[in-house]
$ cat input.txt   # compact mmCIF, C-alpha atoms
# COMPACT_ATOMS: atom_id res chain seq x y z
CA MET A 400 189.33 132.72 121.96
CA GLN A 401 191.41 132.66 125.14
CA PHE A 402 192.69 135.79 126.87
CA HIS A 403 196.33 135.31 125.93
CA GLU A 404 195.36 134.82 122.28
CA LEU A 405 193.28 138.00 122.34
CA LEU A 406 196.13 139.88 124.02
CA ALA A 407 198.57 138.61 121.40
CA ILE A 408 196.35 139.99 118.63
CA PHE A 409 195.76 143.25 120.48
CA THR A 410 199.49 143.86 120.96
CA THR A 411 200.44 143.34 117.32
CA PRO A 412 201.63 146.47 115.48
CA TRP A 413 198.27 146.81 113.68
CA GLY A 414 196.26 146.40 116.88
CA LEU A 415 198.48 148.89 118.69
CA ALA A 416 198.19 151.35 115.80
CA LEU A 417 194.40 151.38 116.20
CA LEU A 418 194.82 151.82 119.95
CA GLY A 419 197.29 154.63 119.28
CA LEU A 420 194.77 156.52 117.17
CA CYS A 421 192.27 156.47 120.05
CA VAL A 422 194.90 157.37 122.66
CA GLY A 423 196.20 160.15 120.41
CA SER A 424 192.70 161.64 120.28
CA PHE A 425 192.68 161.71 124.09
CA LEU A 426 196.19 163.18 124.17
CA ASN A 427 194.91 166.13 122.14
CA VAL A 428 192.53 166.85 125.01
CA VAL A 429 195.35 166.51 127.56
CA ILE A 430 197.63 168.82 125.57
CA HIS A 431 194.94 171.49 125.27
CA ARG A 432 193.33 171.32 128.70
CA MET A 433 196.05 170.42 131.18
CA PRO A 434 197.85 173.80 130.95
CA LEU A 435 194.49 175.57 131.35
CA MET A 436 193.62 173.42 134.35
CA LEU A 437 197.01 174.10 135.97
CA GLU A 438 196.74 177.83 135.33
CA ARG A 439 193.28 177.90 136.90
CA GLN A 440 194.56 175.98 139.92
CA TRP A 441 197.56 178.32 140.31
CA ARG A 442 195.29 181.37 140.26
CA ALA A 443 193.01 179.80 142.86
CA ASP A 444 195.95 178.89 145.10
CA SER A 445 197.46 182.38 144.74
CA ALA A 446 194.13 184.02 145.53
CA ALA A 447 193.70 181.85 148.62
CA MET A 448 197.25 182.64 149.80
CA LEU A 449 196.71 186.39 149.32
CA GLU A 450 193.16 186.20 150.68
CA LEU A 451 191.74 187.58 147.44
CA PRO A 452 188.47 186.58 145.74
CA VAL A 453 188.75 183.89 143.08
CA LYS A 454 187.89 184.99 139.56
CA GLU A 455 184.38 184.02 138.53
CA ASP A 456 185.71 182.39 135.34
CA ASP A 457 187.64 179.93 137.49
CA THR A 458 184.55 178.69 139.35
CA ALA A 459 181.65 179.12 136.92
CA LYS A 460 182.42 176.17 134.65
CA PRO A 461 184.21 172.96 135.63
CA LEU A 462 187.27 172.16 133.57
CA THR A 463 188.65 168.62 133.61
CA LEU A 464 189.92 166.20 131.02
CA SER A 465 186.36 164.91 130.61
CA LYS A 466 184.24 168.04 131.18
CA PRO A 467 182.97 170.02 129.38
CA ALA A 468 182.30 168.06 126.20
CA SER A 469 184.39 169.06 123.19
CA ARG A 470 183.08 172.05 121.24
CA CYS A 471 184.19 174.20 118.35
CA PRO A 472 186.06 177.17 119.85
CA SER A 473 184.68 179.46 117.13
CA CYS A 474 180.93 178.78 117.22
CA GLY A 475 180.43 176.53 120.25
CA HIS A 476 179.11 173.63 118.15
CA ALA A 477 179.07 170.43 120.22
CA ILE A 478 181.29 167.82 118.58
CA ARG A 479 179.21 164.74 117.78
CA TRP A 480 180.66 161.27 118.22
CA TYR A 481 180.96 160.67 114.49
CA GLU A 482 182.82 163.98 114.16
CA ASN A 483 185.36 162.79 116.70
CA ILE A 484 186.60 159.57 115.09
CA PRO A 485 190.40 159.74 115.18
CA LEU A 486 191.97 160.86 111.91
CA VAL A 487 188.91 159.83 109.85
CA SER A 488 186.63 162.66 110.97
CA TRP A 489 189.23 165.33 110.24
CA LEU A 490 189.69 163.97 106.72
CA VAL A 491 185.94 163.67 106.08
CA LEU A 492 185.33 167.19 107.38
CA ARG A 493 188.34 168.43 105.37
CA GLY A 494 189.78 170.06 108.45
CA LYS A 495 186.76 172.32 109.07
CA CYS A 496 183.97 172.60 111.62
CA SER A 497 180.73 171.10 110.25
CA ALA A 498 178.71 174.02 111.64
CA CYS A 499 180.72 177.18 110.90
CA SER A 500 183.50 175.89 108.60
CA ALA A 501 186.16 177.27 110.95
CA ARG A 502 189.56 175.65 110.39
CA ILE A 503 190.49 172.71 112.62
CA SER A 504 194.22 172.63 113.29
CA VAL A 505 196.11 169.94 111.41
CA ARG A 506 197.98 169.18 114.62
CA TYR A 507 195.02 167.16 115.93
CA PRO A 508 195.26 164.41 113.29
CA LEU A 509 199.07 164.63 113.34
CA ILE A 510 199.14 163.84 117.08
CA GLU A 511 196.77 160.93 116.48
CA LEU A 512 198.85 159.62 113.59
CA LEU A 513 202.14 160.08 115.46
CA THR A 514 200.80 158.18 118.48
CA ALA A 515 199.51 155.39 116.24
CA LEU A 516 202.88 155.05 114.51
CA LEU A 517 204.78 155.06 117.80
CA PHE A 518 202.45 152.45 119.33
CA ALA A 519 202.93 150.27 116.25
CA ALA A 520 206.70 150.76 116.57
CA CYS A 521 206.47 149.55 120.18
CA GLY A 522 204.73 146.43 118.92
CA TRP A 523 207.52 145.88 116.43
CA ARG A 524 210.24 146.58 119.00
CA PHE A 525 208.94 144.59 121.99
CA GLY A 526 206.66 142.01 120.37
CA ALA A 527 203.16 140.87 121.26
CA GLN A 528 203.39 140.76 125.05
CA PRO A 529 201.74 142.59 127.98
CA THR A 530 204.81 144.74 128.76
CA THR A 531 204.47 146.30 125.31
CA LEU A 532 201.43 148.15 126.67
CA LEU A 533 203.66 149.63 129.37
CA TRP A 534 205.96 151.07 126.72
CA CYS A 535 202.93 152.43 124.88
CA GLY A 536 202.02 154.27 128.08
CA PHE A 537 205.58 155.60 128.23
CA VAL A 538 205.21 156.84 124.65
CA ALA A 539 201.84 158.50 125.32
CA VAL A 540 203.16 160.52 128.26
CA LEU A 541 206.20 161.66 126.27
CA VAL A 542 204.03 162.81 123.37
CA ALA A 543 201.72 164.80 125.66
CA ALA A 544 204.54 166.29 127.75
CA SER A 545 206.56 167.27 124.67
CA ALA A 546 203.61 169.00 123.00
CA ILE A 547 202.67 170.88 126.18
CA ASP A 548 206.27 172.00 126.68
CA TRP A 549 206.48 173.17 123.06
CA ASP A 550 203.32 175.24 123.48
CA THR A 551 203.90 176.64 126.97
CA THR A 552 207.56 175.94 127.97
CA LEU A 553 206.01 173.99 130.86
CA LEU A 554 206.58 170.34 131.75
CA PRO A 555 203.77 169.49 134.21
CA ASP A 556 204.64 167.50 137.31
CA ASP A 557 201.32 165.73 136.70
CA LEU A 558 203.05 163.99 133.78
CA THR A 559 206.76 163.80 134.62
CA LEU A 560 206.45 162.51 138.19
CA PRO A 561 203.96 159.69 137.42
CA LEU A 562 206.21 158.71 134.50
CA LEU A 563 209.20 158.58 136.87
CA TRP A 564 207.39 156.50 139.48
CA ALA A 565 205.89 154.21 136.84
CA GLY A 566 209.38 153.49 135.52
CA LEU A 567 210.66 152.61 139.00
CA ILE A 568 207.64 150.46 139.81
CA ALA A 569 207.85 148.64 136.47
CA ALA A 570 211.51 147.89 137.18
CA ALA A 571 210.71 146.73 140.72
CA MET A 572 208.10 144.33 139.30
CA GLY A 573 210.68 142.92 136.87
CA TRP A 574 208.84 144.16 133.78
CA THR A 575 211.51 146.38 132.21
CA LEU A 576 215.09 146.48 133.54
CA PRO A 577 216.84 145.68 136.84
CA LEU A 578 215.71 147.98 139.64
CA THR A 579 219.25 149.16 140.45
CA GLU A 580 219.69 150.35 136.84
CA ALA A 581 216.36 152.17 136.99
CA VAL A 582 217.16 153.87 140.31
CA TRP A 583 220.62 154.98 139.19
CA GLY A 584 219.15 156.02 135.85
CA ALA A 585 216.73 158.32 137.65
CA VAL A 586 219.53 159.70 139.85
CA ALA A 587 221.88 160.23 136.92
CA GLY A 588 219.14 161.82 134.81
CA TYR A 589 218.17 164.34 137.46
CA LEU A 590 221.62 165.23 138.73
CA SER A 591 223.17 165.62 135.27
CA LEU A 592 220.83 168.40 134.16
CA TRP A 593 220.65 169.83 137.69
CA SER A 594 224.44 170.24 137.59
CA VAL A 595 224.34 171.85 134.14
CA TYR A 596 221.60 174.22 135.32
CA TRP A 597 223.59 175.47 138.30
CA LEU A 598 226.88 175.66 136.40
CA PHE A 599 225.20 177.78 133.72
CA LYS A 600 223.43 179.95 136.29
CA LEU A 601 226.55 180.57 138.38
CA THR A 602 228.54 181.37 135.23
CA THR A 603 226.03 183.62 133.42
CA GLY A 604 223.51 184.57 136.09
CA LYS A 605 220.72 183.20 133.87
CA GLU A 606 218.58 180.08 133.96
CA GLY A 607 219.23 177.85 130.96
CA MET A 608 216.43 175.33 131.56
CA GLY A 609 213.54 174.55 133.86
CA PHE A 610 213.25 172.03 136.68
CA GLY A 611 210.80 170.04 134.60
CA ASP A 612 213.66 169.03 132.32
CA PHE A 613 215.48 167.46 135.30
CA LYS A 614 212.40 165.43 136.19
CA LEU A 615 211.79 164.33 132.61
CA LEU A 616 215.36 163.08 132.18
CA ALA A 617 215.10 161.34 135.56
CA ALA A 618 211.97 159.58 134.26
CA LEU A 619 213.77 158.58 131.07
CA GLY A 620 216.61 157.21 133.16
CA ALA A 621 214.16 155.16 135.23
CA TRP A 622 212.75 153.57 132.08
CA LEU A 623 215.92 153.23 129.99
CA GLY A 624 218.68 152.80 132.62
CA TRP A 625 221.68 154.86 133.65
CA GLN A 626 223.72 153.83 130.60
CA MET A 627 221.22 155.55 128.30
CA VAL A 628 221.21 158.93 130.08
CA LEU A 629 224.24 160.31 128.24
CA PRO A 630 223.06 159.02 124.81
CA VAL A 631 219.68 160.68 125.43
CA VAL A 632 221.37 163.98 126.28
CA LEU A 633 223.61 163.76 123.22
CA ALA A 634 220.72 162.84 120.91
CA SER A 635 218.51 165.59 122.33
CA SER A 636 221.28 168.13 121.74
CA VAL A 637 221.64 167.05 118.12
CA ILE A 638 217.87 167.11 117.53
CA GLY A 639 217.60 170.49 119.24
CA ALA A 640 220.43 171.94 117.17
CA ILE A 641 218.86 170.75 113.92
CA VAL A 642 215.43 172.13 114.85
CA GLY A 643 216.94 175.39 116.12
CA ILE A 644 218.91 175.93 112.92
CA GLY A 645 215.82 175.18 110.86
CA MET A 646 213.75 177.67 112.86
CA LYS A 647 216.49 180.29 112.57
CA LEU A 648 216.72 179.88 108.79
CA SER A 649 212.93 180.10 108.46
CA SER A 650 212.81 183.20 110.73
CA ARG A 651 210.62 181.36 113.24
CA LEU A 652 213.17 181.72 116.02
CA ARG A 653 212.92 185.23 117.43
CA GLU A 654 215.57 186.86 119.58
CA GLY A 655 214.91 186.62 123.31
CA HIS A 656 212.50 183.69 122.98
CA TYR A 657 213.19 180.30 124.50
CA VAL A 658 213.10 176.99 122.64
CA PRO A 659 211.89 174.36 125.13
CA TYR A 660 214.25 171.45 125.74
CA GLY A 661 211.57 168.94 126.78
CA PRO A 662 210.45 167.96 123.26
CA PHE A 663 214.04 167.17 122.29
CA LEU A 664 214.53 165.06 125.43
CA GLY A 665 211.29 163.25 124.69
CA GLY A 666 212.25 162.67 121.07
CA ALA A 667 215.68 161.40 122.05
CA GLY A 668 214.12 159.07 124.63
CA LEU A 669 211.86 157.60 121.95
CA VAL A 670 214.80 157.10 119.57
CA VAL A 671 216.84 155.32 122.26
CA MET A 672 213.85 153.18 123.30
CA LEU A 673 213.10 152.03 119.76
CA ALA A 674 216.74 151.47 118.82
CA GLY A 675 217.55 149.50 121.95
CA PRO A 676 220.47 149.91 124.39
CA GLN A 677 222.92 147.61 122.59
CA ARG A 678 222.42 149.27 119.22
CA VAL A 679 222.77 152.75 120.74
CA LEU A 680 225.97 151.79 122.55
CA GLY A 681 227.24 150.27 119.31
CA TRP A 682 226.55 153.53 117.42
CA LEU A 683 228.62 155.39 120.00
CA GLY A 684 231.38 152.78 120.00
CA TRP A 685 230.77 151.95 123.68
CA ALA A 686 229.50 148.40 123.23
$ encode --input "input.txt" --output "structure tokens"
Amino acid sequence: MQFHELLAIFTTPWGLALLGLCVGSFLNVVIHRMPLMLERQWRADSAAMLELPVKEDDTAKPLTLSKPASRCPSCGHAIRWYENIPLVSWLVLRGKCSACSARISVRYPLIELLTALLFAACGWRFGAQPTTLLWCGFVAVLVAASAIDWDTTLLPDDLTLPLLWAGLIAAAMGWTLPLTEAVWGAVAGYLSLWSVYWLFKLTTGKEGMGFGDFKLLAALGAWLGWQMVLPVVLASSVIGAIVGIGMKLSSRLREGHYVPYGPFLGGAGLVVMLAGPQRVLGWLGWA
């Protein structure tokens, strides 16, 4: 079997769904560990700036995306390879640790399943071609960034900036959209939310969003083009309003607490990507 034939099979929706399950398992690690890694680095940098000793917890054990090996947070049981098969292991174990029967969050298999479905959707949307893998990478970063922002109200530069540069490079290589559209998409994405931020702050004296939101929308603009920036903002506002109302009705939205905007931007970006520019413009009557 030749390489292009193998690639064609691999980039079918079913092949991408299997890849998505594996990538989703890795994204669970990213979502859990990246905020901890950043917090540890911030403490170390602050201690060095203030000439204070670094906490022993920050130096005793290395913490990366690959080390230490996954363990049960309740009993410390090392997760064996056959207990870490995406989606399957959680179902076989019935959502419990095999050693202490502690509950394993249902979010782990949900992230794996969501990533698999989105990868398959990329295969359906873009067809069996190498650039489909680029869009799968775009999807993976959005899933990880959205989940981290939902948990911590933090959009790491380690995710948003590589996504932005990847979009510009992909456009420069002729793999996605014309480079001028990508550049102006990044500019429009950043400046639009930057302007809203300062208008809101000058009017109310409060900060309505974080700088990470600017960078995420700039990245979406680099991948989707300047014409899609406004549809993404509109769609994210609608999604955010629906989720916010649902949380308010279920008493999950407490007064004084922020609802992060990043997940709604990410969700809107995925909707626009899968629908396609022409269909989105047609929905809005701008075609």
$ closest_residue --input "input.txt" --among "A:Cys474, A:Ala443, A:Val658, A:Leu415" --to "A:Arg524" --atoms "all atoms listed in the file"
A:Leu415
$ closest_residue --input "input.txt" --among "A:Leu420, A:Val671, A:Val642, A:Cys535" --to "A:Gly624" --atoms "all atoms listed in the file"
A:Val671
$ residues_around --input "input.txt" --residues "A:Gly522" --least-positions-apart "5" --cutoff "12 Å" --atoms "all atoms listed in the file" --output "list in words"
Leu406, Ala407, Ile408, Phe409, Thr410, Thr411, Pro412, Trp413, Gly414, Leu415, Ala416, Leu417, Leu418, Gly419, Ala515, Leu516, Leu517, Ala527, Gln528, Pro529, Thr530, Thr531, Leu532, Leu533, Trp534, Cys535, Val538 and Leu673 of chain A
$ closest_residue --input "input.txt" --among "A:Leu563, A:Ala446, A:Val505, A:Ala543" --to "A:Arg432" --atoms "all atoms listed in the file"
A:Ala543
$ residues_near_point --input "input.txt" --point "(199.4, 172.2, 126.3)" --cutoff "8 Å" --atoms "only C-alpha atoms" --output "ChimeraX atom specification"
/A:429-435,543-544,546-551
$ atom_distance --input "input.txt" --atom1 "atom CA of A:Val670" --atom2 "atom CA of A:Ser504"
26.5 Å
$ closest_residue --input "input.txt" --among "A:Gly494, A:Gly620, A:Pro577, A:Gly643" --to "A:Ser591" --atoms "only C-alpha atoms"
A:Gly620
$ residues_around --input "input.txt" --residues "A:Cys496" --least-positions-apart "2" --cutoff "9 Å" --atoms "only C-alpha atoms" --output "ChimeraX atom specification"
/A:471,473-474,476,478,492-494,498-503
$ closest_residue --input "input.txt" --among "A:Leu541, A:Val628, A:Cys521, A:Met436" --to "A:Gly423" --atoms "all atoms listed in the file"
A:Leu541
$ closest_residue --input "input.txt" --among "A:Lys460, A:Arg470, A:Leu558, A:Gly526" --to "A:Leu426" --atoms "only C-alpha atoms"
A:Leu558
$ residues_around --input "input.txt" --residues "A:Leu567" --least-positions-apart "2" --cutoff "9 Å" --atoms "all atoms listed in the file" --output "number ranges by chain"
A: 562-565, 569-572, 578, 581-582, 585, 618, 621-622
$ atom_distance --input "input.txt" --atom1 "atom CA of A:Ser545" --atom2 "atom CA of A:Asn427"
12.0 Å
$ atom_distance --input "input.txt" --atom1 "atom CA of A:Ser635" --atom2 "atom CA of A:Gly666"
7.0 Å
